[in-house]
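Asker: Can you read through this structure? Questions will come right after.
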Amino acid sequence: LTRSFRRRPIFAMFRRFAAWYNDVAKRHTWAVGTLVLGGRYWVGDTLVQSIEIYRAKSRGEETAFDLRRMFLLGSFGVIYAGGTGCFVYNKLYPRLLPGRPVTAAIFDALVQCNFVYMPQYYLMAEFIKDATSSSQIYRPLGALVPAAYQTWKANLVTDAQVLACFWIPCHSLNFAFVPLQLRMSCMASVGFLWAMILSALRGNTMDEKEEGSSQAQ
């Protein structure tokens, strides 16, 4: 950057904001990571649903905004980021795989995402399906887990392919060049695209017809 550009007020304001954000992320890594990661799912799903509604209207179809779907993506994002995600990315990988960004990225995409991340998503979908059902029939946890397992099993191959293609290159760069306190923020920025992919690919998990067809495959 040229000196004249660096002297501009907007660049100075950006530098102050970056320094402030970095300091906040260092002191409140869990809170910042939870908010930014959880927020990306809500924003990503809102954008995807808006595009789907626009396309449906262009075909002469009426499609309403699915609040259950938005609630699923948003609540899952906050719960995962504040629990499993924060532990895995801020504690586990730095201790078990320090200085091995590619190995950590491959392990995360192939193991953690497929056997921890996606099962949690499908279990959350089953829970919200009951919580928002008009029948007011709530299944016990012993019934929710097998239902989530069947959906996860039916979608495992496709999910694994998409997760590997997206997260291995993204996390390889993230783990290699981004400071620990900013990694989850980086994931939220890049992962905004992933939130849109998850919304488009698995946002209809709670739809009985779609889920039934998936499990029949």
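Labels used: A, B, ... for chains in the order of the structure tokens, numbers from 1 for residues in each chain, and numbers from 1 for ligands as shown.
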When you look at Val162 of chain A with a cut-off of 10 Å (counting only C-alpha atoms), what residues show up, excluding the ones that are within fewer than 3 positions of it in the same chain? I need them as a PyMOL selection string.
Answerer: chain A and resi 109+157-159+165-167+194+197-198+201
Asker: Take the residues that were just selected and, keeping N, CA and C atoms, output them as an mmCIF file, in the first residue's frame.
Answerer:
data_model
loop_
_atom_site.group_PDB
_atom_site.id
_atom_site.type_symbol
_atom_site.label_atom_id
_atom_site.label_comp_id
_atom_site.auth_asym_id
_atom_site.auth_seq_id
_atom_site.Cartn_x
_atom_site.Cartn_y
_atom_site.Cartn_z
ATOM 1 N N ALA A 109 -11.945 -32.282 8.397
ATOM 2 C CA ALA A 109 -12.933 -32.467 7.331
ATOM 3 C C ALA A 109 -13.416 -33.901 7.220
ATOM 4 N N VAL A 157 -22.168 -40.160 2.507
ATOM 5 C CA VAL A 157 -21.250 -40.102 1.367
ATOM 6 C C VAL A 157 -21.255 -38.710 0.737
ATOM 7 N N THR A 158 -22.440 -38.186 0.482
ATOM 8 C CA THR A 158 -22.535 -36.847 -0.116
ATOM 9 C C THR A 158 -21.973 -35.784 0.818
ATOM 10 N N ASP A 159 -22.331 -35.868 2.098
ATOM 11 C CA ASP A 159 -21.827 -34.898 3.073
ATOM 12 C C ASP A 159 -20.308 -34.929 3.143
ATOM 13 N N CYS A 165 -14.182 -31.207 0.114
ATOM 14 C CA CYS A 165 -13.871 -30.245 -0.956
ATOM 15 C C CYS A 165 -13.822 -28.813 -0.443
ATOM 16 N N PHE A 166 -14.659 -28.495 0.531
ATOM 17 C CA PHE A 166 -14.723 -27.114 1.019
ATOM 18 C C PHE A 166 -13.712 -26.848 2.130
ATOM 19 N N TRP A 167 -13.689 -27.716 3.160
ATOM 20 C CA TRP A 167 -12.960 -27.380 4.374
ATOM 21 C C TRP A 167 -11.486 -27.739 4.363
ATOM 22 N N TRP A 194 -20.026 -21.678 3.409
ATOM 23 C CA TRP A 194 -20.410 -23.008 3.856
ATOM 24 C C TRP A 194 -21.818 -23.000 4.460
ATOM 25 N N ILE A 197 -24.114 -23.280 1.707
ATOM 26 C CA ILE A 197 -24.109 -24.636 1.152
ATOM 27 C C ILE A 197 -24.917 -25.573 2.046
ATOM 28 N N LEU A 198 -24.711 -25.503 3.366
ATOM 29 C CA LEU A 198 -25.437 -26.361 4.289
ATOM 30 C C LEU A 198 -26.928 -26.073 4.238
ATOM 31 N N LEU A 201 -28.172 -27.523 0.930
ATOM 32 C CA LEU A 201 -28.024 -28.978 0.843
ATOM 33 C C LEU A 201 -28.869 -29.711 1.879
#
Asker: Quick one: everything within 7 Å of segment 40-48 of chain A, counting only C-alpha atoms, minus sequence neighbours fewer than 4 positions away in the same chain. Send it as an MDAnalysis selection string.
Answerer: chainID A and resid 36 52 70 73:74 77 188 192 195:196 199:200
Asker: Grab the atom CA of Arg183 of chain A to atom CA of Asn114 of chain A distance for me, in Å with one decimal place.
Answerer: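 Atom CA of Asn114 of chain A lies at a distance of 20.3 Å from atom CA of Arg183 of chain A.
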Asker: Counting only C-alpha atoms, which of A:Val78, A:Ile53, A:Val88, A:Leu182 gets nearest to Ala104 of chain A?
Answerer: A:Val88
Asker: Need the shell around Ser75 of chain A: protein/DNA/RNA residues with any atom at most 10 Å away, counting only C-alpha atoms. Skip same-chain ones fewer than 6 positions apart. Format as a list in words?
Answerer: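 The residues that qualify are Gly38, Gly39, Tyr41, Trp42, Arg69, Ala81, Tyr121, Met124 and Ile128 of chain A.
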Asker: Once you have the residues from the selection above, write them out as an mmCIF file, in the first residue's frame, restricted to N, CA and C atoms.
Answerer:
data_model
loop_
_atom_site.group_PDB
_atom_site.id
_atom_site.type_symbol
_atom_site.label_atom_id
_atom_site.label_comp_id
_atom_site.auth_asym_id
_atom_site.auth_seq_id
_atom_site.Cartn_x
_atom_site.Cartn_y
_atom_site.Cartn_z
ATOM 1 N N GLY A 38 -22.062 -18.578 15.033
ATOM 2 C CA GLY A 38 -23.512 -18.763 15.069
ATOM 3 C C GLY A 38 -24.229 -17.823 14.127
ATOM 4 N N GLY A 39 -23.762 -16.597 14.063
ATOM 5 C CA GLY A 39 -24.411 -15.611 13.197
ATOM 6 C C GLY A 39 -24.307 -15.935 11.723
ATOM 7 N N TYR A 41 -24.562 -18.742 10.212
ATOM 8 C CA TYR A 41 -25.586 -19.692 9.768
ATOM 9 C C TYR A 41 -26.925 -18.992 9.555
ATOM 10 N N TRP A 42 -27.269 -18.116 10.457
ATOM 11 C CA TRP A 42 -28.522 -17.384 10.338
ATOM 12 C C TRP A 42 -28.523 -16.513 9.081
ATOM 13 N N ARG A 69 -36.606 -23.666 9.499
ATOM 14 C CA ARG A 69 -35.299 -23.889 8.882
ATOM 15 C C ARG A 69 -34.287 -22.863 9.371
ATOM 16 N N ALA A 81 -20.872 -23.846 17.866
ATOM 17 C CA ALA A 81 -19.731 -22.938 18.025
ATOM 18 C C ALA A 81 -19.352 -22.763 19.482
ATOM 19 N N TYR A 121 -25.904 -31.859 13.895
ATOM 20 C CA TYR A 121 -26.861 -31.112 13.074
ATOM 21 C C TYR A 121 -28.150 -31.905 12.887
ATOM 22 N N MET A 124 -30.135 -32.075 16.103
ATOM 23 C CA MET A 124 -30.811 -30.807 16.343
ATOM 24 C C MET A 124 -32.056 -30.680 15.464
ATOM 25 N N ILE A 128 -35.843 -29.975 16.854
ATOM 26 C CA ILE A 128 -36.637 -28.817 16.451
ATOM 27 C C ILE A 128 -37.899 -29.260 15.728
#
Asker: Of the candidates A:Gln181, A:Ser189, A:Asn174, A:Thr205, which shows the shortest atom-to-atom distance to Pro101 of chain A, using only C-alpha atoms?
Answerer: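 Checking each candidate against Pro101 of chain A, we get A:Asn174 as the closest.
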Asker: What does the distance from atom CA of Gly203 of chain A to atom CA of Leu72 of chain A come to in Å, to one decimal?
Answerer: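 Separation between atom CA of Gly203 of chain A and atom CA of Leu72 of chain A: 8.1 Å.
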Asker: Quick one: pull the distance between atom CA of Leu97 of chain A and atom CA of Phe175 of chain A, Å, one decimal.
Answerer: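 Atom CA of Phe175 of chain A lies at a distance of 10.1 Å from atom CA of Leu97 of chain A.
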Asker: Would you mind telling me which residue in A:Ala31, A:Ala64, A:Tyr54, A:Cys170 lies nearest to Gly83 of chain A when using only C-alpha atoms?
Answerer: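 Closest to Gly83 of chain A of all the choices is A:Ala31.
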Asker: Which residue is closest to Val116 of chain A? Choose from A:Pro9, A:Pro169, A:Gly85, A:Pro146 and count only C-alpha atoms.
Answerer: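 Using only C-alpha atoms, Val116 of chain A sits closest to A:Gly85.
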Asker: Do you know which residues are at most 12 Å from Thr103 of chain A counting only C-alpha atoms, after dropping those on the same chain fewer than 5 positions away, and could you put them as number ranges by chain?
Answerer: A: 93-94, 96-98, 108-111, 168-169, 171-173, 175-176
Asker: Please produce a file of the residues just selected, as a compact mmCIF listing (two decimals), in the first residue's frame, where the atoms kept are all heavy atoms.
Answerer:
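Listing of part31.txt after writing:
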# COMPACT_ATOMS: atom_id res chain seq x y z
N TYR A 93 -7.01 -29.08 18.62
CA TYR A 93 -6.06 -29.08 17.51
C TYR A 93 -4.74 -28.39 17.85
O TYR A 93 -3.67 -28.90 17.49
CB TYR A 93 -6.68 -28.44 16.27
CG TYR A 93 -7.79 -29.26 15.65
CD1 TYR A 93 -8.67 -28.70 14.72
CD2 TYR A 93 -7.97 -30.60 15.98
CE1 TYR A 93 -9.69 -29.44 14.15
CE2 TYR A 93 -8.99 -31.35 15.41
CZ TYR A 93 -9.85 -30.77 14.50
OH TYR A 93 -10.86 -31.50 13.94
N PRO A 94 -4.75 -27.23 18.53
CA PRO A 94 -3.46 -26.62 18.87
C PRO A 94 -2.59 -27.50 19.77
O PRO A 94 -1.36 -27.39 19.71
CB PRO A 94 -3.88 -25.33 19.60
CG PRO A 94 -5.23 -25.01 19.07
CD PRO A 94 -5.88 -26.34 18.86
N LEU A 96 -2.91 -31.12 20.03
CA LEU A 96 -2.61 -32.42 19.42
C LEU A 96 -1.87 -32.32 18.10
O LEU A 96 -1.06 -33.19 17.77
CB LEU A 96 -3.92 -33.21 19.21
CG LEU A 96 -4.68 -33.62 20.47
CD1 LEU A 96 -5.89 -34.47 20.09
CD2 LEU A 96 -3.78 -34.39 21.43
N LEU A 97 -2.15 -31.27 17.34
CA LEU A 97 -1.55 -31.14 16.00
C LEU A 97 -0.92 -29.76 15.81
O LEU A 97 -1.22 -29.07 14.83
CB LEU A 97 -2.62 -31.39 14.93
CG LEU A 97 -3.27 -32.78 14.95
CD1 LEU A 97 -4.50 -32.81 14.04
CD2 LEU A 97 -2.26 -33.85 14.53
N PRO A 98 -0.02 -29.34 16.68
CA PRO A 98 0.61 -28.02 16.52
C PRO A 98 1.57 -28.01 15.33
O PRO A 98 2.34 -28.96 15.13
CB PRO A 98 1.37 -27.84 17.84
CG PRO A 98 1.66 -29.23 18.29
CD PRO A 98 0.49 -30.07 17.86
N ASP A 108 -10.00 -32.79 10.41
CA ASP A 108 -11.23 -32.08 10.72
C ASP A 108 -12.31 -32.37 9.68
O ASP A 108 -13.46 -32.66 10.02
CB ASP A 108 -10.97 -30.57 10.78
CG ASP A 108 -12.21 -29.81 11.19
OD1 ASP A 108 -12.56 -29.85 12.39
OD2 ASP A 108 -12.84 -29.17 10.31
N ALA A 109 -11.94 -32.28 8.40
CA ALA A 109 -12.93 -32.47 7.33
C ALA A 109 -13.42 -33.90 7.22
O ALA A 109 -14.60 -34.14 6.97
CB ALA A 109 -12.35 -32.00 6.00
N LEU A 110 -12.51 -34.87 7.42
CA LEU A 110 -12.86 -36.27 7.21
C LEU A 110 -13.41 -36.96 8.45
O LEU A 110 -14.24 -37.87 8.34
CB LEU A 110 -11.65 -37.05 6.69
CG LEU A 110 -11.07 -36.59 5.35
CD1 LEU A 110 -9.94 -37.51 4.92
CD2 LEU A 110 -12.15 -36.54 4.27
N VAL A 111 -12.94 -36.53 9.63
CA VAL A 111 -13.34 -37.22 10.86
C VAL A 111 -14.29 -36.36 11.69
O VAL A 111 -15.45 -36.74 11.93
CB VAL A 111 -12.10 -37.61 11.70
CG1 VAL A 111 -12.53 -38.31 12.99
CG2 VAL A 111 -11.18 -38.51 10.89
N ILE A 168 -11.07 -28.73 3.61
CA ILE A 168 -9.64 -29.05 3.61
C ILE A 168 -8.79 -27.88 3.10
O ILE A 168 -7.83 -27.47 3.78
CB ILE A 168 -9.36 -30.34 2.81
CG1 ILE A 168 -9.88 -31.55 3.58
CG2 ILE A 168 -7.86 -30.50 2.55
CD1 ILE A 168 -9.70 -32.87 2.86
N PRO A 169 -9.09 -27.28 1.95
CA PRO A 169 -8.29 -26.12 1.54
C PRO A 169 -8.47 -24.91 2.45
O PRO A 169 -7.50 -24.20 2.76
CB PRO A 169 -8.77 -25.84 0.11
CG PRO A 169 -10.09 -26.51 0.00
CD PRO A 169 -10.04 -27.69 0.90
N HIS A 171 -9.33 -24.78 5.74
CA HIS A 171 -8.69 -24.96 7.04
C HIS A 171 -7.17 -25.07 6.92
O HIS A 171 -6.46 -24.70 7.87
CB HIS A 171 -9.24 -26.19 7.74
CG HIS A 171 -10.50 -25.94 8.50
ND1 HIS A 171 -10.76 -24.74 9.13
CD2 HIS A 171 -11.58 -26.74 8.76
CE1 HIS A 171 -11.93 -24.79 9.73
NE2 HIS A 171 -12.45 -25.99 9.52
N SER A 172 -6.67 -25.58 5.82
CA SER A 172 -5.21 -25.64 5.65
C SER A 172 -4.62 -24.24 5.72
O SER A 172 -3.58 -24.02 6.36
CB SER A 172 -4.86 -26.31 4.32
OG SER A 172 -5.26 -27.66 4.30
N LEU A 173 -5.26 -23.29 5.06
CA LEU A 173 -4.80 -21.89 5.10
C LEU A 173 -5.09 -21.26 6.46
O LEU A 173 -4.26 -20.52 7.01
CB LEU A 173 -5.48 -21.10 3.99
CG LEU A 173 -5.16 -21.54 2.56
CD1 LEU A 173 -6.02 -20.76 1.55
CD2 LEU A 173 -3.69 -21.35 2.25
N PHE A 175 -5.44 -22.70 9.51
CA PHE A 175 -4.57 -23.21 10.57
C PHE A 175 -3.11 -22.80 10.37
O PHE A 175 -2.35 -22.75 11.33
CB PHE A 175 -4.67 -24.73 10.64
CG PHE A 175 -6.03 -25.24 11.01
CD1 PHE A 175 -6.42 -26.53 10.67
CD2 PHE A 175 -6.94 -24.44 11.69
CE1 PHE A 175 -7.68 -27.02 11.01
CE2 PHE A 175 -8.20 -24.91 12.03
CZ PHE A 175 -8.57 -26.20 11.69
N ALA A 176 -2.73 -22.52 9.14
CA ALA A 176 -1.33 -22.19 8.86
C ALA A 176 -1.02 -20.72 9.10
O ALA A 176 0.09 -20.39 9.55
CB ALA A 176 -0.99 -22.58 7.42
Asker: Taking the DSSP secondary structure from the backbone, can you list the residues of segment 44-185 of chain A that are alpha helix (DSSP H), as a VMD selection string?
Answerer: chain A and resid 44 to 58 67 to 80 86 to 87 93 to 96 101 to 107 118 to 131 141 to 177 183 to 185
Asker: Name the residues in contact with Cys86 of chain A at a cut-off of 9 Å, using only C-alpha atoms, excluding same-chain residues fewer than 6 positions from it; report them as a ChimeraX atom specification.
Answerer: /A:29-30,33-34,80,184
Asker: Quick one: of A:Phe76, A:Arg59, A:Gly99, A:Lys91, who's nearest to Phe127 of chain A, counting only C-alpha atoms?
Answerer: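 Checking each candidate against Phe127 of chain A, we get A:Phe76 as the closest.
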